[in-house]
file upload_2.cif (mmCIF, C-alpha atoms and all ligand atoms)
data_entry
loop_
_atom_site.label_atom_id
_atom_site.label_comp_id
_atom_site.auth_asym_id
_atom_site.auth_seq_id
_atom_site.Cartn_x
_atom_site.Cartn_y
_atom_site.Cartn_z
CA MET A 1 -9.54 7.26 19.87
CA SER A 2 -5.92 6.96 18.82
CA GLU A 3 -3.97 9.75 17.19
CA LYS A 4 -4.36 10.10 13.41
CA THR A 5 -1.65 11.16 11.01
CA LYS A 6 -2.46 13.65 8.27
CA TYR A 7 -1.98 10.89 5.67
CA THR A 8 -4.92 8.95 7.09
CA GLU A 9 -7.04 12.07 7.44
CA ILE A 10 -6.78 13.01 3.78
CA TRP A 11 -8.05 9.54 2.86
CA GLU A 12 -10.85 9.70 5.45
CA ASN A 13 -12.07 12.90 3.85
CA ASN A 14 -12.03 11.12 0.48
CA GLU A 15 -9.94 13.91 -0.97
CA ILE A 16 -7.52 11.85 -2.99
CA GLU A 17 -9.41 8.72 -4.01
CA SER A 18 -10.05 10.06 -7.52
CA LEU A 19 -6.42 11.14 -7.93
CA TYR A 20 -5.28 7.72 -6.71
CA LYS A 21 -7.31 6.01 -9.45
CA ARG A 22 -5.30 7.97 -12.03
CA PHE A 23 -2.04 7.29 -10.20
CA SER A 24 -2.63 3.57 -9.70
CA ALA A 25 -2.63 3.04 -13.47
CA VAL A 26 0.88 4.49 -13.44
CA VAL A 27 2.16 2.45 -10.47
CA LYS A 28 1.16 -0.94 -11.84
CA PRO A 29 4.44 -1.54 -13.77
CA PHE A 30 6.53 -1.62 -10.61
CA GLU A 31 3.90 -2.99 -8.23
CA ILE A 32 3.10 -6.05 -10.31
CA PRO A 33 6.50 -7.82 -9.85
CA LEU A 34 6.10 -7.39 -6.07
CA LEU A 35 2.50 -8.63 -6.11
CA ALA A 36 3.67 -11.73 -8.02
CA ILE A 37 6.35 -12.41 -5.37
CA LEU A 38 3.75 -11.95 -2.64
CA ALA A 39 1.35 -14.48 -4.19
CA LYS A 40 4.17 -16.98 -4.92
CA LYS A 41 5.31 -16.84 -1.30
CA ALA A 42 1.75 -17.33 -0.02
CA ASN A 43 1.33 -20.32 -2.38
CA GLU A 44 4.57 -21.87 -1.05
CA ILE A 45 3.75 -21.36 2.64
CA PHE A 46 0.17 -22.62 2.43
CA ARG A 47 0.73 -25.26 -0.31
CA ASP A 48 -0.99 -28.07 1.61
CA ARG A 49 -3.84 -26.06 3.05
CA PRO A 50 -7.38 -26.08 1.59
CA GLY A 51 -8.24 -22.65 3.00
CA ILE A 52 -6.45 -19.35 3.64
CA SER A 53 -7.76 -16.37 5.59
CA ILE A 54 -6.57 -12.95 4.41
CA PHE A 55 -6.76 -9.62 6.21
CA GLU A 56 -5.91 -6.49 4.24
CA ILE A 57 -5.08 -3.16 5.90
CA GLY A 58 -5.91 -0.19 3.68
CA ALA A 59 -7.60 -2.45 1.12
CA GLY A 60 -8.26 0.48 -1.21
CA ASN A 61 -10.23 0.18 -4.43
CA GLY A 62 -9.64 -3.55 -4.94
CA GLN A 63 -7.48 -3.27 -8.07
CA HIS A 64 -4.29 -4.54 -6.44
CA THR A 65 -6.21 -6.93 -4.20
CA GLN A 66 -7.65 -8.57 -7.29
CA ILE A 67 -4.19 -9.05 -8.84
CA ILE A 68 -3.02 -10.86 -5.69
CA LEU A 69 -6.12 -13.00 -5.30
CA ASN A 70 -5.93 -14.07 -8.96
CA ALA A 71 -2.31 -15.19 -8.47
CA ILE A 72 -3.04 -17.36 -5.42
CA ASP A 73 -3.57 -21.03 -6.29
CA LYS A 74 -7.20 -21.69 -7.20
CA ASN A 75 -7.36 -24.80 -5.00
CA HIS A 76 -7.43 -22.59 -1.89
CA ASN A 77 -10.70 -21.30 -0.55
CA ILE A 78 -9.91 -17.74 0.41
CA SER A 79 -11.84 -15.88 3.06
CA TYR A 80 -11.02 -12.20 2.70
CA THR A 81 -11.49 -9.35 5.19
CA GLY A 82 -10.48 -5.78 4.41
CA ILE A 83 -10.38 -2.52 6.33
CA ASP A 84 -9.87 1.01 5.06
CA VAL A 85 -10.60 4.52 6.30
CA SER A 86 -12.05 5.68 2.98
CA SER A 87 -15.68 4.97 2.13
CA ALA A 88 -15.03 6.16 -1.44
CA GLN A 89 -12.37 3.43 -1.78
CA ARG A 90 -14.83 0.88 -0.40
CA GLU A 91 -17.41 1.85 -3.03
CA GLN A 92 -14.82 1.17 -5.74
CA PHE A 93 -13.88 -2.10 -4.03
CA GLU A 94 -17.49 -3.26 -4.12
CA VAL A 95 -17.48 -2.86 -7.91
CA ALA A 96 -14.07 -4.58 -8.32
CA SER A 97 -15.03 -7.50 -6.07
CA LYS A 98 -17.95 -8.46 -8.33
CA VAL A 99 -15.42 -10.09 -10.65
CA PHE A 100 -13.30 -11.80 -7.96
CA GLN A 101 -12.92 -15.50 -8.66
CA SER A 102 -15.34 -18.01 -7.19
CA ASN A 103 -12.79 -19.33 -4.63
CA VAL A 104 -12.82 -15.91 -2.90
CA ASN A 105 -15.36 -15.06 -0.21
CA VAL A 106 -15.32 -11.40 0.84
CA VAL A 107 -16.41 -11.65 4.48
CA GLU A 108 -16.40 -7.95 5.16
CA TYR A 109 -14.83 -4.59 4.34
CA THR A 110 -14.91 -2.42 7.44
CA ILE A 111 -14.37 1.33 7.48
CA SER A 112 -11.72 1.77 10.17
CA SER A 113 -8.12 2.75 10.62
CA PHE A 114 -5.81 -0.07 11.74
CA GLN A 115 -5.08 1.96 14.89
CA ASP A 116 -8.76 1.95 15.88
CA TYR A 117 -9.54 -1.59 14.74
CA SER A 118 -10.08 -4.31 17.36
CA PRO A 119 -9.45 -7.66 15.66
CA ILE A 120 -11.76 -10.50 16.64
CA LYS A 121 -9.77 -13.31 15.03
CA GLN A 122 -6.38 -14.23 13.55
CA TYR A 123 -5.45 -14.47 9.86
CA ASP A 124 -2.95 -16.54 7.86
CA VAL A 125 -2.02 -13.66 5.56
CA VAL A 126 -2.00 -9.95 6.41
CA ILE A 127 -1.42 -7.48 3.58
CA SER A 128 -0.64 -3.78 3.82
CA GLN A 129 0.05 -2.29 0.40
CA HIS A 130 1.10 1.31 0.85
CA SER A 131 -1.10 1.96 3.88
CA TRP A 132 1.44 1.86 6.73
CA TYR A 133 2.37 5.52 6.01
CA GLY A 134 -0.79 6.37 7.96
CA ILE A 135 -0.04 3.95 10.80
CA GLY A 136 3.54 4.91 11.57
CA SER A 137 6.02 3.68 14.14
CA ASP A 138 3.89 3.27 17.29
CA ILE A 139 4.89 -0.14 18.70
CA LYS A 140 1.25 -0.87 19.72
CA ASN A 141 0.32 -1.28 16.05
CA PHE A 142 3.17 -3.73 15.43
CA GLU A 143 2.06 -5.74 18.47
CA LYS A 144 -1.45 -5.74 17.01
CA LEU A 145 -0.02 -6.96 13.71
CA ARG A 146 1.87 -9.78 15.46
CA ASP A 147 -1.20 -10.80 17.45
CA ILE A 148 -3.52 -10.80 14.45
CA LEU A 149 -1.28 -13.31 12.59
CA THR A 150 -1.81 -17.04 13.06
CA ASP A 151 1.28 -19.04 14.13
CA GLY A 152 3.16 -19.67 10.89
CA GLY A 153 1.29 -16.80 9.25
CA VAL A 154 2.87 -14.21 6.96
CA CYS A 155 2.45 -10.48 6.56
CA PHE A 156 3.35 -8.50 3.45
CA ILE A 157 4.03 -4.80 3.88
CA MET A 158 4.66 -2.73 0.78
CA LEU A 159 6.17 0.69 1.36
CA ASN A 160 8.49 3.21 -0.24
CA PRO A 161 12.03 3.58 1.08
CA LYS A 162 13.33 7.06 1.86
CA GLY A 163 14.81 7.63 -1.61
CA ASN A 164 11.43 7.47 -3.33
CA LEU A 165 9.78 10.62 -4.76
CA SER A 166 6.65 9.87 -2.69
CA GLN A 167 8.72 10.26 0.46
CA ILE A 168 10.09 13.61 -0.72
CA ALA A 169 6.57 14.79 -1.63
CA MET A 170 5.19 13.64 1.75
CA GLN A 171 7.86 15.68 3.46
CA ASN A 172 6.94 18.72 1.36
CA ASN A 173 3.25 18.13 2.19
CA ASN A 174 4.03 18.06 5.95
CA GLU A 175 2.74 14.49 6.14
CA ASN A 176 4.39 11.74 8.15
CA PRO A 177 7.00 10.36 5.72
CA PHE A 178 7.07 6.91 7.35
CA SER A 179 9.16 4.63 5.13
CA SER A 180 10.16 0.99 4.76
CA ASP A 181 13.48 1.97 6.39
CA ASP A 182 11.55 2.71 9.59
CA LEU A 183 10.12 -0.81 9.92
CA ASP A 184 13.21 -2.71 11.07
CA GLY A 185 13.25 -1.43 14.69
CA PRO A 186 9.59 -2.05 15.62
CA LEU A 187 9.40 -5.41 13.78
CA THR A 188 12.53 -6.62 15.61
CA ALA A 189 11.22 -5.31 18.94
CA CYS A 190 8.06 -7.41 18.44
CA GLY A 191 10.10 -10.56 17.75
CA LEU A 192 9.05 -10.75 14.09
CA ARG A 193 11.43 -12.07 11.39
CA PHE A 194 11.45 -10.32 8.03
CA GLU A 195 13.11 -10.06 4.63
CA ARG A 196 13.01 -7.24 2.08
CA VAL A 197 12.63 -7.27 -1.73
CA THR A 198 13.00 -4.04 -3.72
CA SER A 199 11.46 -3.31 -7.12
CA TYR A 200 12.17 -0.35 -9.43
CA ASN A 201 10.47 1.05 -12.49
CA ASP A 202 13.34 1.48 -14.93
CA ASP A 203 11.01 3.15 -17.47
CA ASN A 204 10.69 6.11 -15.10
CA THR A 205 13.34 8.74 -15.70
CA ARG A 206 13.67 12.43 -14.95
CA GLN A 207 12.67 13.07 -18.59
CA SER A 208 9.52 10.94 -18.34
CA PHE A 209 8.31 13.31 -15.57
CA CYS A 210 9.44 16.66 -16.89
CA VAL A 211 10.58 18.03 -20.26
CA ASP A 212 11.71 21.63 -20.89
CA GLY A 213 10.41 22.81 -17.52
CA LYS A 214 6.92 21.33 -18.04
CA LEU A 215 5.43 18.21 -16.53
CA THR A 216 4.63 15.40 -18.95
CA GLN A 217 1.23 13.66 -18.63
CA HIS A 218 3.05 10.92 -16.74
CA GLY A 219 4.54 13.51 -14.37
CA LEU A 220 1.20 15.27 -13.98
CA ASP A 221 -0.52 12.01 -12.97
CA HIS A 222 2.18 11.11 -10.45
CA PHE A 223 2.53 14.50 -8.86
CA SER A 224 -1.17 15.37 -8.71
CA TYR A 225 -1.55 12.34 -6.46
CA LEU A 226 1.69 12.89 -4.54
CA TYR A 227 0.86 16.57 -3.93
CA ARG A 228 -2.81 15.71 -3.19
CA LYS A 229 -4.23 18.20 -5.70
CA ASP A 230 -4.81 18.55 -9.41
CA LEU A 231 -1.69 20.29 -10.67
CA GLN A 232 -2.82 21.28 -14.15
CA GLY A 233 -1.53 24.84 -14.59
CA ASP A 234 0.11 24.90 -11.15
CA GLU A 235 3.37 23.09 -11.65
CA ARG A 236 5.97 25.46 -10.26
CA ASN A 237 6.57 23.84 -6.86
CA VAL A 238 6.83 20.42 -8.40
CA ILE A 239 9.38 21.46 -11.00
CA GLU A 240 11.39 22.99 -8.15
CA MET A 241 11.27 19.69 -6.25
CA ILE A 242 12.28 17.62 -9.27
CA LYS A 243 15.36 19.81 -9.71
CA ASP A 244 16.86 18.62 -6.41
CA ALA A 245 15.69 15.00 -6.40
CA PRO A 246 18.35 12.38 -7.23
CA ASP A 247 17.93 10.27 -10.41
CA GLU A 248 17.30 7.21 -8.23
CA ALA A 249 14.10 8.77 -6.83
CA PHE A 250 12.49 8.79 -10.29
CA ARG A 251 12.74 5.00 -10.57
CA PHE A 252 10.34 4.79 -7.60
CA PRO A 253 12.15 2.17 -5.52
CA THR A 254 9.46 0.19 -3.69
CA ASP A 255 10.01 -2.37 -0.93
CA LEU A 256 8.06 -5.50 -0.12
CA ILE A 257 8.75 -6.58 3.47
CA ILE A 258 7.87 -10.22 4.09
CA VAL A 259 7.21 -10.68 7.82
CA ARG A 260 6.96 -14.09 9.52
CA LYS A 261 5.62 -14.93 12.95
C1 LIG B 1 -1.95 4.42 -1.47
S1 LIG B 1 -3.52 3.77 -1.06
C2 LIG B 1 -3.28 2.04 -1.38
C3 LIG B 1 -4.57 1.30 -1.60
C4 LIG B 1 -4.42 -0.20 -1.94
N1 LIG B 1 -3.82 -0.93 -0.84
C5 LIG B 1 -3.60 -0.39 -3.20
O1 LIG B 1 -2.49 -0.90 -3.14
O2 LIG B 1 -4.09 -0.01 -4.28
C6 LIG B 1 -3.51 3.82 0.72
C7 LIG B 1 -4.79 3.25 1.34
O3 LIG B 1 -4.61 3.16 2.77
C8 LIG B 1 -5.76 3.64 3.42
N2 LIG B 1 -5.33 4.12 4.74
C9 LIG B 1 -4.68 5.27 5.04
N3 LIG B 1 -4.41 5.34 6.36
C10 LIG B 1 -4.91 4.18 6.90
C11 LIG B 1 -4.94 3.67 8.24
N4 LIG B 1 -4.42 4.34 9.24
N5 LIG B 1 -5.54 2.45 8.45
C12 LIG B 1 -6.09 1.78 7.40
N6 LIG B 1 -6.09 2.23 6.12
C13 LIG B 1 -5.50 3.41 5.88
C14 LIG B 1 -6.27 4.73 2.46
O4 LIG B 1 -7.63 5.04 2.65
C15 LIG B 1 -5.99 4.14 1.11
O5 LIG B 1 -7.05 3.38 0.59
#
call {"tool": "encode", "arguments": {"input": "upload_2.cif", "output": "structure tokens"}}
result
Amino acid sequence: MSEKTKYTEIWENNEIESLYKRFSAVVKPFEIPLLAILAKKANEIFRDRPGISIFEIGAGNGQHTQIILNAIDKNHNISYTGIDVSSAQREQFEVASKVFQSNVNVVEYTISSFQDYSPIKQYDVVISQHSWYGIGSDIKNFEKLRDILTDGGVCFIMLNPKGNLSQIAMQNNNENPFSSDDLDGPLTACGLRFERVTSYNDDNTRQSFCVDGKLTQHGLDHFSYLYRKDLQGDERNVIEMIKDAPDEAFRFPTDLIIVRK
């Protein structure tokens, strides 16, 4: 059994799935431009192919998966495999997948961490949307990523860079604040080429999180998830953290790393 980070453990115990549902409504504005880029790139690369196989690491509750699958050209038959450590997320995914389009075949959704997963085949597209925080920098997992990709395949890793409030909160939570800035070394060491696209949410400002020393509803939703507990009536630590965070952190910079084999 490989070593787990705390980030993965809190999902395995299903402690934050319900908070994430609340949070994911808030993240959509800045995730959606990146999901559109992801689907456009996949459409370009596999333009002439009738079928695409997709493997998603940390597939979650299916909401973001569905946005991607809907944006991939309908003339592709998609065979989809997901893994995640959270059985509560899988339950949500089962509901979401009922309305996936008819060109999508969900082959399986396995409960496993990527570290413990032994792939039995290769995939054209590998997606990791905000799950690599729990996987970290161990080179073995980047080698596994390289080996799971077909020749000419593409992997999309979405992660926060260091300046993001999530990173600051992870640090305060004593979690592993693995960031998109930490990917360059291991990807290069595995001989993988990559490019980076950053998206911001310009509607997020210090004031949209906190007014007159109190969290707004928007702030409450974000920070309850980031601090892994419902913060209603217990906002002091968060207000303290906001005080020191730079303005840039509130725009939630988010990176999409496009990796080619
Ligand atoms: C922030 S959520 C993102 C979920 C989904 N990808 C999305 O974009 O909505 C992180 C997901 O990664 C999963 N996860 C955490 N550590 C993992 C690991 N080591 N291997 C696989 N999945 C992991 C969690 O259970 C959770 O569903």
call {"tool": "closest_residue", "arguments": {"input": "upload_2.cif", "among": "A:Ala59, A:Ile127, A:Ile16, A:Leu192", "to": "ligand LIG 1 (chain B)", "atoms": "only C-alpha atoms and all ligand atoms"}}
result
A:Ala59
call {"tool": "closest_residue", "arguments": {"input": "upload_2.cif", "among": "A:Leu187, A:Val259, A:Ile68, A:Leu231", "to": "ligand LIG 1 (chain B)", "atoms": "only C-alpha atoms and all ligand atoms"}}
result
A:Ile68
call {"tool": "axis_aligned_box", "arguments": {"input": "upload_2.cif", "around": "ligand LIG 1 (chain B)", "padding_each_side": "8 Å", "output": "JSON"}}
result
{"center_x": -4.8, "center_y": 2.2, "center_z": 2.5, "size_x": 21.7, "size_y": 22.3, "size_z": 29.5}
call {"tool": "residues_near_ligand", "arguments": {"input": "upload_2.cif", "ligand": "ligand LIG 1 (chain B)", "cutoff": "8 Å", "atoms": "all atoms listed in the file", "output": "JSON, numbers by chain"}}
result
{"A": [4, 5, 7, 8, 9, 11, 12, 14, 17, 20, 24, 56, 57, 58, 59, 60, 61, 62, 63, 64, 65, 83, 84, 85, 86, 89, 112, 113, 114, 115, 128, 129, 130, 131, 132, 133, 134, 135]}
call {"tool": "residues_around", "arguments": {"input": "upload_2.cif", "residues": "Glu175 of chain A", "least_positions_apart": "3", "cutoff": "6 Å", "atoms": "all atoms listed in the file", "output": "list of chain:residue names"}}
result
A:Lys6, A:Tyr7, A:Met170, A:Gln171
call {"tool": "closest_residue", "arguments": {"input": "upload_2.cif", "among": "A:Leu226, A:Val211, A:Val99, A:Ile45", "to": "Arg260 of chain A", "atoms": "only C-alpha atoms"}}
result
A:Ile45
call {"tool": "residues_around", "arguments": {"input": "upload_2.cif", "residues": "Phe156 of chain A", "least_positions_apart": "5", "cutoff": "12 Å", "atoms": "only C-alpha atoms", "output": "number ranges by chain"}}
result
A: 34-42, 54-57, 68, 124-132, 145, 149, 180, 193-197, 255-261
call {"tool": "atom_distance", "arguments": {"input": "upload_2.cif", "atom1": "atom CA of Phe23 of chain A", "atom2": "atom CA of Ile10 of chain A"}}
result
15.8 Å
call {"tool": "residues_around", "arguments": {"input": "upload_2.cif", "residues": "Ile139 of chain A", "least_positions_apart": "5", "cutoff": "10 Å", "atoms": "all atoms listed in the file", "output": "list in words"}}
result
Lys144, Leu145, Gly185, Pro186, Leu187, Ala189 and Cys190 of chain A
call {"tool": "closest_residue", "arguments": {"input": "upload_2.cif", "among": "A:Arg49, A:Lys214, A:Lys229, A:His222", "to": "Ile78 of chain A", "atoms": "all atoms listed in the file"}}
result
A:Arg49
call {"tool": "atom_distance", "arguments": {"input": "upload_2.cif", "atom1": "atom CA of Asp221 of chain A", "atom2": "atom CA of Phe30 of chain A"}}
result
15.5 Å
call {"tool": "atom_distance", "arguments": {"input": "upload_2.cif", "atom1": "atom CA of Gln167 of chain A", "atom2": "atom CA of Gln232 of chain A"}}
result
21.6 Å
call {"tool": "closest_residue", "arguments": {"input": "upload_2.cif", "among": "A:Asn43, A:Gln92, A:Asn204, A:Thr188", "to": "His76 of chain A", "atoms": "all atoms listed in the file"}}
result
A:Asn43
call {"tool": "closest_residue", "arguments": {"input": "upload_2.cif", "among": "A:Gly191, A:Gly163, A:Pro29, A:Pro177", "to": "Phe142 of chain A", "atoms": "all atoms listed in the file"}}
result
A:Gly191
